[in-house]
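Have a look at the structure below, then the notes.
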Amino acid sequence: MFTARCIGVSLAVFVLLYVFLSLGVSRGWKLIRHMFRPGSARSAADLLFTLRMLPLALSSLVTLAFTLPSFLLLEPRSTNEAIGTAPLALGFCCFLLLGAGIARATISQLRASRELVKWLDGSMLMESEISESGNAVPIFRTGNDAPTPLTVAGVYAPRIFVSEAAVAALNPPELRTALRHEIAHALRYDNLKKLAFRFSVFPAMADLEHAWSEETEMAADDAAVSSFQDALDLAAALIKVSRLGPMESSGELTMALLHSSTALSARVHRMLAWDKTQKPQSHGRWLYALPPAAAIAIGVVTTYGAALTQMHAVTEWLVR
């Protein structure tokens, strides 16, 4: 009975926190982005990803670091106290929520694996681009029947696929810049982030995920461009790729060079207005978050015992 109550209370706290935090993020992410005013597309994408995953991360942290220890340390093991209707119902909802997330992530991963095997069949390795960090990103040349001209597929070991049509349509500088765009997606493991979105289920997050996708594309554009000529080459590549035919869905866990016709005009105009001052700066702005984070960590450590007592009081109220 003690173990059942422990599991029920922990799941109940997790699902309550997850739902309320998710509602808060889904309602307030635009305001938070406006308040932080990220200085680059990469910073904006990182902020949006952090906000998207915050409910799952914070709920897990509170459950594992506070709810579970408070119950194990402060709850009498000899009591015959019943679990209660509320923890049972909330625990069942939590199982449904986690089950849906696992199912969505598993299905997406299986589909991505099948698509990757299909694209690798008959493709030819062009090269392995070595990034500044020393990581090698394999680049494959596929046939004209590829769903997208240029795309990154693969979650844990990303690969870049370039169609014959794209190779024929783009000149060498354009192709090189377009590949640098895809390499940026691969090095930032954007497909893995998409998989995390699939696991973290909440229906009101579609707008936030779409905004992250747009910022991620612009961040990859920035990473691919280091001069005005590069910006012109990438703009030309975007236009030429858009003319290769109607864009087909390349899968849930892929990052295509051009994933949306609605974003084409904005991205091209952004490249034509490129200036070296737009080049993303270092991550120095995020250093401003370190002092508050350190203060919070010190506060938690110094008041951990009292926090466990308060959490146990909350769980006692929940059980009853």
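How things are named: the first chain in the structure tokens is A, the next is B, and so on; residues count from 1 in each chain; ligands count from 1 in the order shown.
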Each region 95-142 of chain A residue no farther than 10 Å from region 159-170 of chain A, nearest pair in Å, only C-alpha atoms, as a Markdown table:
```
| residue | atom | partner | partner_atom | distance |
| --- | --- | --- | --- | --- |
| A:Leu116 | CA | A:Arg159 | CA | 8.9 |
| A:Trp119 | CA | A:Phe161 | CA | 7.9 |
| A:Leu120 | CA | A:Phe161 | CA | 8.7 |
| A:Ser123 | CA | A:Phe161 | CA | 8.5 |
| A:Met124 | CA | A:Phe161 | CA | 9.5 |
| A:Leu125 | CA | A:Phe161 | CA | 9.2 |
| A:Met126 | CA | A:Val162 | CA | 9.2 |
| A:Ser128 | CA | A:Arg159 | CA | 9.4 |
| A:Glu129 | CA | A:Ile160 | CA | 9.8 |
| A:Ala136 | CA | A:Arg159 | CA | 9.7 |
| A:Val137 | CA | A:Arg159 | CA | 6.2 |
| A:Pro138 | CA | A:Arg159 | CA | 5.4 |
| A:Ile139 | CA | A:Ile160 | CA | 4.7 |
| A:Phe140 | CA | A:Phe161 | CA | 4.8 |
| A:Arg141 | CA | A:Val162 | CA | 4.9 |
| A:Thr142 | CA | A:Ser163 | CA | 4.7 |
```
How about saving the chosen residues, N, CA and C atoms kept, as a compact mmCIF listing (two decimals), in the first residue's frame?
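Below you can see selection-v3.txt, which holds the result:
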```txt
# COMPACT_ATOMS: atom_id res chain seq x y z
N LEU A 116 14.42 6.88 -43.63
CA LEU A 116 15.87 6.94 -43.77
C LEU A 116 16.40 5.74 -44.55
N TRP A 119 15.55 6.25 -48.24
CA TRP A 119 16.40 7.24 -48.91
C TRP A 119 17.82 6.72 -49.10
N LEU A 120 18.31 5.93 -48.13
CA LEU A 120 19.67 5.41 -48.26
C LEU A 120 19.76 4.37 -49.37
N SER A 123 21.10 5.57 -52.80
CA SER A 123 21.80 6.85 -52.71
C SER A 123 23.30 6.62 -52.74
N MET A 124 24.03 7.69 -52.97
CA MET A 124 25.48 7.60 -53.09
C MET A 124 26.11 8.65 -52.17
N LEU A 125 27.10 8.22 -51.40
CA LEU A 125 27.78 9.14 -50.50
C LEU A 125 28.62 10.12 -51.30
N MET A 126 28.30 11.40 -51.15
CA MET A 126 29.06 12.45 -51.84
C MET A 126 30.33 12.80 -51.08
N SER A 128 31.75 13.70 -46.61
CA SER A 128 31.44 13.90 -45.20
C SER A 128 32.01 15.25 -44.81
N GLU A 129 31.10 16.19 -44.61
CA GLU A 129 31.52 17.55 -44.30
C GLU A 129 31.99 17.60 -42.85
N ALA A 136 31.71 15.02 -38.19
CA ALA A 136 31.51 14.75 -39.61
C ALA A 136 30.03 14.52 -39.88
N VAL A 137 29.51 15.20 -40.90
CA VAL A 137 28.10 15.05 -41.30
C VAL A 137 28.09 14.43 -42.69
N PRO A 138 27.66 13.18 -42.84
CA PRO A 138 27.64 12.55 -44.17
C PRO A 138 26.59 13.16 -45.08
N ILE A 139 26.96 13.33 -46.35
CA ILE A 139 26.07 13.92 -47.35
C ILE A 139 25.85 12.89 -48.45
N PHE A 140 24.57 12.57 -48.74
CA PHE A 140 24.22 11.56 -49.72
C PHE A 140 23.50 12.21 -50.90
N ARG A 141 23.75 11.66 -52.06
CA ARG A 141 23.09 12.11 -53.29
C ARG A 141 22.01 11.11 -53.66
N THR A 142 20.78 11.59 -53.76
CA THR A 142 19.65 10.72 -54.05
C THR A 142 19.13 10.96 -55.46
```
Next item on the list: Name all residues at most 10 Å from Ala41 (chain A) (count only C-alpha atoms; drop same-chain ones fewer than 5 positions away) and give them as a list in words.
Entry: Asp46, Leu47, Trp212, Glu214, Glu215, Thr216, Glu217, Met218, Ala219, Ala220, Asp221, Asp222, Ala223, Gln278, Lys279 and Pro280 of chain A
Next item on the list: Could you give me, as a PyMOL selection string, the residues within 12 Å of region 22-33 of chain A, counting only C-alpha atoms and dropping anything in the same chain fewer than 3 positions from it?
Entry: chain A and resi 14-19+36-41+43-59+200-209+211-212+215
Note to self: Report as a PyMOL selection string all protein, DNA and RNA residues lying within 12 Å of region 290-305 of chain A, evaluated on only C-alpha atoms, omitting residues in the same chain fewer than 4 positions from it.
What the structure shows: chain A and resi 62+65-67+69-70+73-74+284-286+309-312
Restrict the selected residues to all heavy atoms and save them as a tab-separated table (two decimals), in the first residue's frame.
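Dumped everything to selection.tsv:
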```
chain	number	residue	atom	x	y	z
A	62	VAL	N	10.59	18.64	-10.00
A	62	VAL	CA	9.86	18.77	-8.73
A	62	VAL	C	9.44	17.40	-8.23
A	62	VAL	O	9.54	17.10	-7.02
A	62	VAL	CB	8.65	19.70	-8.91
A	62	VAL	CG1	7.77	19.67	-7.67
A	62	VAL	CG2	9.11	21.13	-9.20
A	65	ALA	N	12.84	15.45	-7.24
A	65	ALA	CA	13.69	16.07	-6.24
A	65	ALA	C	12.95	16.46	-4.96
A	65	ALA	O	13.59	16.64	-3.92
A	65	ALA	CB	14.37	17.32	-6.82
A	66	PHE	N	11.61	16.58	-5.03
A	66	PHE	CA	10.87	17.03	-3.86
A	66	PHE	C	9.74	16.07	-3.47
A	66	PHE	O	9.68	15.62	-2.32
A	66	PHE	CB	10.29	18.43	-4.11
A	66	PHE	CG	11.34	19.50	-4.22
A	66	PHE	CD1	11.83	19.88	-5.46
A	66	PHE	CD2	11.85	20.11	-3.09
A	66	PHE	CE1	12.80	20.86	-5.57
A	66	PHE	CE2	12.82	21.10	-3.19
A	66	PHE	CZ	13.30	21.47	-4.44
A	67	THR	N	8.86	15.76	-4.42
A	67	THR	CA	7.69	14.93	-4.07
A	67	THR	C	8.10	13.55	-3.60
A	67	THR	O	7.69	13.08	-2.52
A	67	THR	CB	6.75	14.82	-5.28
A	67	THR	OG1	6.43	16.12	-5.76
A	67	THR	CG2	5.48	14.09	-4.89
A	69	PRO	N	11.18	12.27	-2.62
A	69	PRO	CA	11.93	12.21	-1.35
A	69	PRO	C	11.09	12.57	-0.13
A	69	PRO	O	11.25	11.96	0.93
A	69	PRO	CB	13.05	13.24	-1.57
A	69	PRO	CG	13.20	13.34	-3.04
A	69	PRO	CD	11.83	13.16	-3.59
A	70	SER	N	10.20	13.57	-0.26
A	70	SER	CA	9.39	13.96	0.90
A	70	SER	C	8.48	12.81	1.33
A	70	SER	O	8.29	12.57	2.54
A	70	SER	CB	8.57	15.20	0.57
A	70	SER	OG	7.53	14.90	-0.35
A	73	LEU	N	10.72	9.94	2.93
A	73	LEU	CA	11.36	10.27	4.20
A	73	LEU	C	10.38	10.60	5.31
A	73	LEU	O	10.67	10.33	6.49
A	73	LEU	CB	12.31	11.47	4.00
A	73	LEU	CG	13.52	11.23	3.10
A	73	LEU	CD1	14.28	12.54	2.87
A	73	LEU	CD2	14.45	10.17	3.70
A	74	LEU	N	9.24	11.16	4.96
A	74	LEU	CA	8.33	11.69	5.99
A	74	LEU	C	7.03	10.92	6.15
A	74	LEU	O	6.33	11.11	7.14
A	74	LEU	CB	8.01	13.17	5.68
A	74	LEU	CG	9.23	14.10	5.60
A	74	LEU	CD1	8.81	15.50	5.20
A	74	LEU	CD2	9.98	14.12	6.93
A	284	GLY	N	27.05	35.36	-24.92
A	284	GLY	CA	27.28	36.15	-23.72
A	284	GLY	C	26.03	36.59	-23.02
A	284	GLY	O	26.01	36.74	-21.80
A	285	ARG	N	24.96	36.83	-23.79
A	285	ARG	CA	23.72	37.30	-23.17
A	285	ARG	C	23.16	36.28	-22.21
A	285	ARG	O	22.52	36.64	-21.22
A	285	ARG	CB	22.68	37.63	-24.25
A	285	ARG	CG	23.03	38.85	-25.08
A	285	ARG	CD	21.88	39.26	-25.96
A	285	ARG	NE	20.74	39.68	-25.17
A	285	ARG	CZ	19.64	40.20	-25.71
A	285	ARG	NH1	19.55	40.39	-27.01
A	285	ARG	NH2	18.62	40.55	-24.94
A	286	TRP	N	23.37	35.00	-22.49
A	286	TRP	CA	22.84	33.97	-21.59
A	286	TRP	C	23.59	33.94	-20.26
A	286	TRP	O	23.10	33.38	-19.29
A	286	TRP	CB	22.91	32.61	-22.26
A	286	TRP	CG	21.99	32.50	-23.42
A	286	TRP	CD1	22.32	32.60	-24.73
A	286	TRP	CD2	20.57	32.30	-23.38
A	286	TRP	NE1	21.20	32.46	-25.53
A	286	TRP	CE2	20.12	32.28	-24.72
A	286	TRP	CE3	19.64	32.13	-22.35
A	286	TRP	CZ2	18.78	32.10	-25.05
A	286	TRP	CZ3	18.31	31.95	-22.69
A	286	TRP	CH2	17.90	31.94	-24.02
A	309	THR	N	9.35	19.30	3.86
A	309	THR	CA	8.25	19.29	4.82
A	309	THR	C	6.99	19.92	4.22
A	309	THR	O	5.88	19.39	4.37
A	309	THR	CB	8.66	20.05	6.10
A	309	THR	OG1	9.84	19.46	6.65
A	309	THR	CG2	7.54	20.02	7.12
A	310	GLN	N	7.16	21.05	3.53
A	310	GLN	CA	6.02	21.71	2.90
A	310	GLN	C	5.43	20.85	1.79
A	310	GLN	O	4.20	20.75	1.65
A	310	GLN	CB	6.46	23.06	2.33
A	310	GLN	CG	6.82	24.09	3.39
A	310	GLN	CD	5.63	24.44	4.29
A	310	GLN	OE1	4.49	24.55	3.83
A	310	GLN	NE2	5.91	24.60	5.58
A	311	MET	N	6.28	20.20	1.02
A	311	MET	CA	5.78	19.33	-0.04
A	311	MET	C	5.02	18.15	0.53
A	311	MET	O	3.98	17.74	-0.01
A	311	MET	CB	6.95	18.84	-0.91
A	311	MET	CG	6.55	17.86	-2.00
A	311	MET	SD	5.30	18.53	-3.15
A	311	MET	CE	6.30	19.72	-4.04
A	312	HIS	N	5.49	17.61	1.64
A	312	HIS	CA	4.77	16.50	2.27
A	312	HIS	C	3.41	16.94	2.77
A	312	HIS	O	2.43	16.19	2.67
A	312	HIS	CB	5.59	15.93	3.42
A	312	HIS	CG	4.98	14.71	4.03
A	312	HIS	ND1	4.35	14.72	5.27
A	312	HIS	CD2	4.85	13.43	3.56
A	312	HIS	CE1	3.90	13.52	5.54
A	312	HIS	NE2	4.18	12.71	4.53
```
Next item on the list: Find, counting only C-alpha atoms, the residue in A:Ile7, A:Leu264, A:His210, A:Thr254 that gets nearest to Leu68 (chain A).
Entry: A:Ile7
Margin query: I want to know what sits within 12 Å of Ala86 (chain A), based on only C-alpha atoms, with residues of the same chain fewer than 4 positions away left out; could you give that as a ChimeraX atom specification?
Written below: /A:5,8-9,11-13,15-16,82,90-93,315-320
Item checked: region 231-246 of chain A environment, 8 Å, only C-alpha atoms, sequence neighbours closer than 4 positions dropped, as a PyMOL selection string -> chain A and resi 149+165-166+169-170+173-175+177-178+221+225-227+257-258+261+264+267-268+271-272+274
Output N, CA, C and O atoms of each residue in that selection to a file, as a CSV table (one decimal), in the first residue's frame.
```csv
chain,number,residue,atom,x,y,z
A,149,PRO,N,14.3,18.4,-52.2
A,149,PRO,CA,15.6,18.5,-52.8
A,149,PRO,C,16.8,18.4,-51.9
A,149,PRO,O,17.8,17.8,-52.1
A,165,ALA,N,18.1,16.6,-58.8
A,165,ALA,CA,17.5,17.8,-59.3
A,165,ALA,C,18.1,19.0,-58.7
A,165,ALA,O,18.4,20.0,-59.3
A,166,ALA,N,18.4,19.0,-57.3
A,166,ALA,CA,19.0,20.1,-56.6
A,166,ALA,C,20.5,20.3,-57.1
A,166,ALA,O,20.9,21.4,-57.3
A,169,ALA,N,20.3,22.0,-60.4
A,169,ALA,CA,19.7,23.3,-60.5
A,169,ALA,C,20.6,24.4,-59.8
A,169,ALA,O,20.7,25.5,-60.2
A,170,LEU,N,21.4,24.0,-58.8
A,170,LEU,CA,22.2,24.9,-58.1
A,170,LEU,C,23.7,24.9,-58.6
A,170,LEU,O,24.2,23.9,-58.9
A,173,PRO,N,28.6,27.4,-55.6
A,173,PRO,CA,28.5,28.3,-54.4
A,173,PRO,C,27.1,28.2,-53.8
A,173,PRO,O,27.0,28.1,-52.5
A,174,GLU,N,26.1,28.1,-54.6
A,174,GLU,CA,24.7,28.0,-54.0
A,174,GLU,C,24.5,26.7,-53.3
A,174,GLU,O,24.0,26.6,-52.2
A,175,LEU,N,25.0,25.6,-53.9
A,175,LEU,CA,24.9,24.3,-53.3
A,175,LEU,C,25.7,24.2,-52.0
A,175,LEU,O,25.2,23.7,-51.0
A,177,THR,N,26.5,26.7,-50.0
A,177,THR,CA,25.8,27.5,-48.9
A,177,THR,C,24.5,26.7,-48.4
A,177,THR,O,24.2,26.7,-47.2
A,178,ALA,N,23.8,26.1,-49.3
A,178,ALA,CA,22.6,25.4,-48.9
A,178,ALA,C,23.0,24.2,-48.1
A,178,ALA,O,22.3,23.9,-47.1
A,221,ASP,N,20.0,29.6,-41.5
A,221,ASP,CA,20.4,30.6,-42.5
A,221,ASP,C,21.6,31.4,-42.1
A,221,ASP,O,22.6,31.6,-42.8
A,225,VAL,N,25.8,31.6,-43.6
A,225,VAL,CA,26.2,32.8,-44.3
A,225,VAL,C,27.2,33.5,-43.5
A,225,VAL,O,27.1,33.8,-42.3
A,226,SER,N,28.3,33.9,-44.1
A,226,SER,CA,29.4,34.7,-43.5
A,226,SER,C,29.8,35.9,-44.3
A,226,SER,O,30.6,36.7,-43.9
A,227,SER,N,29.1,36.1,-45.4
A,227,SER,CA,29.4,37.3,-46.2
A,227,SER,C,28.1,37.6,-47.0
A,227,SER,O,27.2,36.8,-47.1
A,257,LEU,N,15.5,22.2,-46.5
A,257,LEU,CA,15.9,23.5,-46.8
A,257,LEU,C,14.8,24.5,-46.9
A,257,LEU,O,14.9,25.6,-46.4
A,258,LEU,N,13.7,24.1,-47.5
A,258,LEU,CA,12.5,24.9,-47.7
A,258,LEU,C,11.3,24.1,-47.3
A,258,LEU,O,10.8,23.2,-48.0
A,261,SER,N,6.3,27.3,-48.1
A,261,SER,CA,6.3,28.3,-49.1
A,261,SER,C,6.0,29.7,-48.6
A,261,SER,O,6.4,30.7,-49.1
A,264,LEU,N,9.2,31.5,-47.6
A,264,LEU,CA,10.2,31.7,-48.6
A,264,LEU,C,10.5,33.2,-48.8
A,264,LEU,O,11.7,33.6,-48.8
A,267,ARG,N,12.4,34.8,-45.8
A,267,ARG,CA,13.8,34.4,-45.7
A,267,ARG,C,14.7,35.0,-46.8
A,267,ARG,O,15.8,35.4,-46.6
A,268,VAL,N,14.1,35.1,-48.1
A,268,VAL,CA,14.9,35.6,-49.2
A,268,VAL,C,15.1,37.1,-48.9
A,268,VAL,O,16.2,37.6,-49.1
A,271,MET,N,17.8,37.6,-46.4
A,271,MET,CA,19.2,37.4,-46.9
A,271,MET,C,19.6,38.6,-47.8
A,271,MET,O,20.8,39.0,-47.8
A,272,LEU,N,18.7,39.1,-48.6
A,272,LEU,CA,19.0,40.3,-49.4
A,272,LEU,C,19.4,41.5,-48.5
A,272,LEU,O,20.1,42.4,-49.0
A,274,TRP,N,21.0,41.3,-45.8
A,274,TRP,CA,22.1,40.8,-44.8
A,274,TRP,C,23.1,41.8,-44.6
A,274,TRP,O,23.5,42.6,-45.5
```
Notebook entry, point to check: With only C-alpha atoms as the atoms that count, which of A:Thr63, A:Leu97, A:Ala307, A:Arg42 lies nearest to Ala184 (chain A)?
Noted result: A:Arg42
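Note that CA of Arg111 (chain A) and CA of Val152 (chain A) are 14.5 Å apart.
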Next item on the list: Write out as a PyMOL selection string all residues of region 156-281 of chain A that backbone DSSP assigns to helix (DSSP H, G or I).
Entry: chain A and resi 164-169+172-187+190-199+203-224+228-242+261-272+276-278
